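Chemist: So here's upload_6.csv (CSV, N, CA and C atoms).
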chain,number,residue,atom,x,y,z
A,29,MET,N,25.0,42.4,10.7
A,29,MET,CA,23.8,42.8,11.4
A,29,MET,C,22.8,41.7,11.4
A,30,ARG,N,22.1,41.5,12.5
A,30,ARG,CA,21.2,40.4,12.5
A,30,ARG,C,19.9,40.8,11.8
A,31,GLY,N,19.4,39.8,11.0
A,31,GLY,CA,18.2,40.1,10.3
A,31,GLY,C,17.0,39.3,11.1
A,32,THR,N,15.8,39.7,10.8
A,32,THR,CA,14.7,39.1,11.4
A,32,THR,C,13.9,38.4,10.2
A,33,ARG,N,13.0,37.6,10.6
A,33,ARG,CA,12.2,36.9,9.6
A,33,ARG,C,11.6,37.9,8.6
A,34,GLY,N,11.7,37.7,7.3
A,34,GLY,CA,11.1,38.5,6.3
A,34,GLY,C,11.9,39.8,6.0
A,35,GLN,N,13.1,40.0,6.6
A,35,GLN,CA,13.9,41.1,6.3
A,35,GLN,C,15.3,40.6,5.9
A,36,ALA,N,15.8,41.3,4.9
A,36,ALA,CA,17.1,41.0,4.4
A,36,ALA,C,18.2,41.5,5.3
A,37,GLU,N,19.3,40.7,5.4
A,37,GLU,CA,20.4,41.2,6.2
A,37,GLU,C,21.3,42.2,5.4
A,38,VAL,N,21.7,43.2,6.1
A,38,VAL,CA,22.5,44.3,5.5
A,38,VAL,C,23.9,44.2,6.0
A,39,PRO,N,24.9,44.0,5.1
A,39,PRO,CA,26.3,44.0,5.6
A,39,PRO,C,26.6,45.3,6.3
A,40,ARG,N,27.5,45.2,7.4
A,40,ARG,CA,27.8,46.3,8.2
A,40,ARG,C,28.4,47.5,7.4
A,41,ASP,N,29.2,47.2,6.4
A,41,ASP,CA,29.8,48.3,5.6
A,41,ASP,C,28.9,49.0,4.7
A,42,ASP,N,27.7,48.5,4.5
A,42,ASP,CA,26.7,49.2,3.7
A,42,ASP,C,25.7,50.0,4.5
A,43,VAL,N,25.9,50.1,5.8
A,43,VAL,CA,25.0,50.9,6.6
A,43,VAL,C,25.4,52.4,6.5
A,44,PRO,N,24.5,53.3,6.1
A,44,PRO,CA,24.9,54.7,5.9
A,44,PRO,C,25.3,55.3,7.3
A,45,GLY,N,26.3,56.1,7.2
A,45,GLY,CA,26.8,56.8,8.4
A,45,GLY,C,27.5,55.9,9.4
A,46,ASP,N,27.8,54.7,9.1
A,46,ASP,CA,28.5,53.8,10.0
A,46,ASP,C,30.0,53.7,9.6
A,47,ASP,N,30.8,54.4,10.4
A,47,ASP,CA,32.2,54.4,10.1
A,47,ASP,C,32.9,53.4,11.0
A,48,PRO,N,33.5,52.3,10.3
A,48,PRO,CA,34.1,51.3,11.1
A,48,PRO,C,35.3,51.7,11.9
A,49,ASP,N,35.9,52.9,11.5
A,49,ASP,CA,37.1,53.4,12.2
A,49,ASP,C,36.7,54.1,13.5
A,50,LYS,N,35.5,54.5,13.7
A,50,LYS,CA,35.0,55.2,14.9
A,50,LYS,C,34.4,54.2,15.8
A,51,PRO,N,34.6,54.3,17.1
A,51,PRO,CA,34.0,53.4,18.0
A,51,PRO,C,32.5,53.7,18.1
A,52,ARG,N,31.7,52.7,18.0
A,52,ARG,CA,30.2,52.9,18.1
A,52,ARG,C,29.8,53.0,19.5
A,53,GLU,N,29.0,54.0,19.9
A,53,GLU,CA,28.5,54.1,21.2
A,53,GLU,C,27.0,54.4,21.1
A,54,ASN,N,26.2,53.6,21.7
A,54,ASN,CA,24.8,53.9,21.7
A,54,ASN,C,24.5,54.5,23.0
A,55,HIS,N,24.4,55.8,23.1
A,55,HIS,CA,24.2,56.5,24.3
A,55,HIS,C,22.9,56.1,25.1
A,56,ARG,N,21.8,55.8,24.3
A,56,ARG,CA,20.6,55.4,24.9
A,56,ARG,C,20.8,54.1,25.6
A,57,ALA,N,21.5,53.1,25.0
A,57,ALA,CA,21.7,51.8,25.6
A,57,ALA,C,22.5,51.9,26.8
A,58,ILE,N,23.6,52.8,26.7
A,58,ILE,CA,24.5,53.0,27.9
A,58,ILE,C,23.7,53.6,29.1
A,59,HIS,N,22.9,54.6,28.8
A,59,HIS,CA,22.0,55.2,29.8
A,59,HIS,C,21.0,54.1,30.3
A,60,GLY,N,20.5,53.3,29.4
A,60,GLY,CA,19.5,52.3,29.9
A,60,GLY,C,20.2,51.3,30.8
A,61,ILE,N,21.4,50.9,30.6
A,61,ILE,CA,22.1,50.0,31.5
A,61,ILE,C,22.3,50.7,32.8
A,62,ASP,N,22.7,52.0,32.8
A,62,ASP,CA,22.8,52.7,34.1
A,62,ASP,C,21.6,52.7,34.9
A,63,VAL,N,20.4,52.9,34.2
A,63,VAL,CA,19.1,52.9,34.9
A,63,VAL,C,18.8,51.6,35.5
A,64,ILE,N,19.1,50.5,34.7
A,64,ILE,CA,18.9,49.2,35.2
A,64,ILE,C,19.7,48.9,36.4
A,65,ILE,N,21.0,49.2,36.4
A,65,ILE,CA,21.9,49.0,37.5
A,65,ILE,C,21.3,49.8,38.8
A,66,SER,N,20.9,51.0,38.6
A,66,SER,CA,20.3,51.8,39.7
A,66,SER,C,19.1,51.1,40.3
A,67,VAL,N,18.2,50.6,39.4
A,67,VAL,CA,17.0,49.9,39.9
A,67,VAL,C,17.3,48.7,40.7
A,68,HIS,N,18.3,47.9,40.2
A,68,HIS,CA,18.8,46.7,41.0
A,68,HIS,C,19.3,47.2,42.3
A,69,GLY,N,20.0,48.3,42.4
A,69,GLY,CA,20.5,48.8,43.7
A,69,GLY,C,19.4,49.2,44.6
A,70,LEU,N,18.4,49.9,44.0
A,70,LEU,CA,17.2,50.3,44.8
A,70,LEU,C,16.4,49.1,45.3
A,71,GLU,N,16.3,48.0,44.5
A,71,GLU,CA,15.6,46.8,44.9
A,71,GLU,C,16.4,46.2,46.1
A,72,ASN,N,17.7,46.2,46.0
A,72,ASN,CA,18.5,45.6,47.1
A,72,ASN,C,18.3,46.4,48.4
A,73,GLU,N,18.2,47.8,48.3
A,73,GLU,CA,18.0,48.6,49.4
A,73,GLU,C,16.6,48.4,49.9
A,74,GLY,N,15.6,48.2,49.1
A,74,GLY,CA,14.2,47.9,49.5
A,74,GLY,C,14.2,46.6,50.3
A,75,ASP,N,14.9,45.6,49.8
A,75,ASP,CA,14.9,44.3,50.6
A,75,ASP,C,15.6,44.5,51.9
A,76,ARG,N,16.6,45.3,52.0
A,76,ARG,CA,17.3,45.5,53.3
A,76,ARG,C,16.3,46.3,54.2
A,77,LEU,N,15.6,47.3,53.7
A,77,LEU,CA,14.7,48.0,54.6
A,77,LEU,C,13.5,47.1,55.0
A,78,TYR,N,13.0,46.3,54.1
A,78,TYR,CA,11.9,45.4,54.4
A,78,TYR,C,12.3,44.5,55.6
A,79,ARG,N,13.5,43.9,55.5
A,79,ARG,CA,14.0,43.0,56.6
A,79,ARG,C,14.1,43.8,57.9
A,80,HIS,N,14.6,45.0,57.8
A,80,HIS,CA,14.8,45.8,59.0
A,80,HIS,C,13.5,46.1,59.7
A,81,PHE,N,12.5,46.6,58.9
A,81,PHE,CA,11.2,47.0,59.4
A,81,PHE,C,10.4,45.9,59.9
A,82,ILE,N,10.4,44.7,59.2
A,82,ILE,CA,9.7,43.6,59.6
A,82,ILE,C,10.2,43.1,60.9
A,83,GLY,N,11.6,43.0,61.0
A,83,GLY,CA,12.2,42.6,62.3
A,83,GLY,C,11.8,43.6,63.4
A,84,LYS,N,11.9,44.8,63.2
A,84,LYS,CA,11.5,45.8,64.2
A,84,LYS,C,10.0,45.7,64.6
A,85,LEU,N,9.2,45.5,63.6
A,85,LEU,CA,7.7,45.4,63.8
A,85,LEU,C,7.5,44.2,64.7
A,86,TYR,N,8.0,43.0,64.4
A,86,TYR,CA,7.8,41.8,65.2
A,86,TYR,C,8.4,41.9,66.6
A,87,ALA,N,9.5,42.7,66.7
A,87,ALA,CA,10.2,42.8,68.0
A,87,ALA,C,9.4,43.8,68.9
A,88,GLU,N,8.8,44.8,68.3
A,88,GLU,CA,8.3,45.9,69.2
A,88,GLU,C,6.7,46.0,69.2
A,89,GLU,N,6.0,45.5,68.3
A,89,GLU,CA,4.6,45.6,68.2
A,89,GLU,C,3.9,44.5,69.1
A,90,SER,N,3.1,45.0,70.0
A,90,SER,CA,2.4,44.0,70.9
A,90,SER,C,0.9,43.9,70.5
A,91,ASP,N,0.4,44.8,69.7
A,91,ASP,CA,-1.0,44.7,69.2
A,91,ASP,C,-1.1,43.8,68.0
A,92,ALA,N,-1.8,42.7,68.1
A,92,ALA,CA,-1.8,41.7,67.0
A,92,ALA,C,-2.4,42.3,65.7
A,93,ILE,N,-3.4,43.1,65.9
A,93,ILE,CA,-4.1,43.7,64.7
A,93,ILE,C,-3.2,44.6,64.0
A,94,ARG,N,-2.5,45.5,64.7
A,94,ARG,CA,-1.5,46.4,64.1
A,94,ARG,C,-0.4,45.6,63.5
A,95,LEU,N,0.1,44.5,64.1
A,95,LEU,CA,1.1,43.7,63.6
A,95,LEU,C,0.7,43.1,62.2
A,96,MET,N,-0.5,42.6,62.2
A,96,MET,CA,-1.0,42.0,60.9
A,96,MET,C,-1.1,43.1,59.8
A,97,LYS,N,-1.6,44.2,60.2
A,97,LYS,CA,-1.8,45.3,59.2
A,97,LYS,C,-0.5,45.8,58.6
A,98,TYR,N,0.4,46.1,59.5
A,98,TYR,CA,1.7,46.6,59.0
A,98,TYR,C,2.5,45.5,58.3
A,99,SER,N,2.4,44.3,58.8
A,99,SER,CA,3.1,43.2,58.1
A,99,SER,C,2.6,43.0,56.7
A,100,SER,N,1.3,43.1,56.5
A,100,SER,CA,0.7,43.0,55.2
A,100,SER,C,1.1,44.2,54.3
A,101,ILE,N,1.2,45.4,54.9
A,101,ILE,CA,1.6,46.5,54.1
A,101,ILE,C,3.1,46.4,53.6
A,102,TYR,N,3.9,46.0,54.6
A,102,TYR,CA,5.3,45.8,54.2
A,102,TYR,C,5.5,44.7,53.2
A,103,ASN,N,4.7,43.6,53.3
A,103,ASN,CA,4.8,42.5,52.3
A,103,ASN,C,4.4,43.0,51.0
A,104,GLU,N,3.3,43.8,50.9
A,104,GLU,CA,2.9,44.3,49.6
A,104,GLU,C,3.9,45.2,49.0
A,105,LEU,N,4.5,46.1,49.8
A,105,LEU,CA,5.6,47.0,49.3
A,105,LEU,C,6.8,46.2,48.8
A,106,GLU,N,7.2,45.2,49.5
A,106,GLU,CA,8.3,44.4,49.1
A,106,GLU,C,8.0,43.6,47.8
A,107,HIS,N,6.8,43.1,47.7
A,107,HIS,CA,6.3,42.4,46.5
A,107,HIS,C,6.3,43.4,45.3
A,108,THR,N,5.9,44.6,45.5
A,108,THR,CA,5.8,45.6,44.4
A,108,THR,C,7.2,46.0,44.0
A,109,ILE,N,8.2,46.1,44.9
A,109,ILE,CA,9.6,46.4,44.5
A,109,ILE,C,10.1,45.2,43.8
A,110,ASP,N,9.8,44.0,44.2
A,110,ASP,CA,10.3,42.8,43.4
A,110,ASP,C,9.8,42.8,42.0
A,111,LYS,N,8.5,43.2,41.8
A,111,LYS,CA,7.9,43.2,40.5
A,111,LYS,C,8.6,44.3,39.6
A,112,CYS,N,9.0,45.4,40.2
A,112,CYS,CA,9.7,46.4,39.5
A,112,CYS,C,11.1,45.9,39.0
A,113,GLU,N,11.7,45.1,39.9
A,113,GLU,CA,13.0,44.5,39.4
A,113,GLU,C,12.7,43.5,38.3
A,114,ASP,N,11.7,42.7,38.4
A,114,ASP,CA,11.3,41.8,37.3
A,114,ASP,C,11.2,42.5,36.0
A,115,LEU,N,10.5,43.7,36.0
A,115,LEU,CA,10.3,44.5,34.8
A,115,LEU,C,11.6,44.9,34.3
A,116,MET,N,12.5,45.4,35.2
A,116,MET,CA,13.8,45.9,34.8
A,116,MET,C,14.6,44.7,34.2
A,117,ASN,N,14.5,43.5,34.7
A,117,ASN,CA,15.2,42.3,34.1
A,117,ASN,C,14.7,42.1,32.7
A,118,ALA,N,13.4,42.2,32.5
A,118,ALA,CA,12.9,42.0,31.1
A,118,ALA,C,13.4,43.1,30.2
A,119,ILE,N,13.4,44.4,30.7
A,119,ILE,CA,13.9,45.5,29.8
A,119,ILE,C,15.4,45.3,29.6
A,120,GLU,N,16.1,44.8,30.6
A,120,GLU,CA,17.6,44.6,30.4
A,120,GLU,C,17.8,43.5,29.3
A,121,SER,N,17.0,42.5,29.3
A,121,SER,CA,17.1,41.4,28.3
A,121,SER,C,16.9,42.0,26.9
A,122,ILE,N,15.9,42.8,26.8
A,122,ILE,CA,15.6,43.5,25.5
A,122,ILE,C,16.7,44.4,25.0
A,123,VAL,N,17.3,45.2,26.0
A,123,VAL,CA,18.4,46.1,25.6
A,123,VAL,C,19.6,45.3,25.2
A,124,LEU,N,19.9,44.2,25.9
A,124,LEU,CA,21.1,43.4,25.6
A,124,LEU,C,20.9,42.7,24.2
A,125,LYS,N,19.7,42.3,23.9
A,125,LYS,CA,19.5,41.6,22.6
A,125,LYS,C,19.5,42.6,21.5
A,126,GLN,N,19.2,43.9,21.7
A,126,GLN,CA,19.2,44.9,20.7
A,126,GLN,C,20.5,45.6,20.5
A,127,SER,N,21.5,45.3,21.4
A,127,SER,CA,22.8,46.0,21.3
A,127,SER,C,23.8,45.2,20.5
Take the structure in the file and give it back as structure tokens.
Modeler:
Amino acid sequence: MRGTRGQAEVPRDDVPGDDPDKPRENHRAIHGIDVIISVHGLENEGDRLYRHFIGKLYAEESDAIRLMKYSSIYNELEHTIDKCEDLMNAIESIVLKQS
């Protein structure tokens, strides 16, 4: 078991309730990885939709003001989705370090 500064390392066979003959599964970590994977998939879908709607906007919109408004809105939404993925990457790093 990894120790941190100021804490003693405890050998694995001294951990109460830890049976080395049984496979260890951390259900919360497994669920966390599933959530992370789904967020990455959603971010990819968000990118796809962003490209689709930006392309459609520039192809079909003739009013420059509306084009700028909707382009700005789509850019902010895409940026927000990217930030959600950045957060999930940070959480994924923490989960992997703790497992």
Chemist: Could you state the separation of atom C of Arg79 in chain A and atom C of Ser99 in chain A in Å, given to one decimal place?
Modeler: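 It comes out at 11.6 Å.
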Chemist: Measuring atom to atom with only C-alpha atoms, identify which of A:Leu70, A:Ile101, A:Ala87, A:Ile65 is nearest to Ile119 in chain A.
Modeler: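 Smallest distance to Ile119 in chain A is found for A:Ile65.
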Chemist: From the options A:Gly69, A:Ala92, A:Tyr102, A:Ile64, which residue's atoms come nearest to Ile122 in chain A, counting only C-alpha atoms?
Modeler: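 The closest residue to Ile122 in chain A is A:Ile64.
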Chemist: Report the distance between atom C of Lys97 in chain A and CA of Leu85 in chain A in Å, rounded to one decimal place.
Modeler: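 Spanning atom C of Lys97 in chain A to CA of Leu85 in chain A is a straight-line distance of 9.7 Å.
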Chemist: Tell me which of A:Asp114, A:Asp62, A:Glu88, A:Glu106 sits closest to Asp75 in chain A, counting only C-alpha atoms.
Modeler: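 Answer, going by the shortest atom-to-atom distance: A:Glu106.
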Chemist: Quick one: everything within 12 Å of Asn72 in chain A, counting only C-alpha atoms, minus sequence neighbours fewer than 4 positions away in the same chain. Send it as a ChimeraX atom specification.
Modeler: /A:65-68,76-79,106,109-110,112-113
Chemist: Report the distance between CA of Tyr98 in chain A and atom C of Asn117 in chain A in Å, rounded to one decimal place.
Modeler: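 Computing it gives 29.7 Å between the two atoms.
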Chemist: Would you mind listing what lies within 9 Å of Tyr86 in chain A as a ChimeraX atom specification, with only C-alpha atoms counted and same-chain residues fewer than 4 positions away left out?
Modeler: /A:81-82,90,95,99
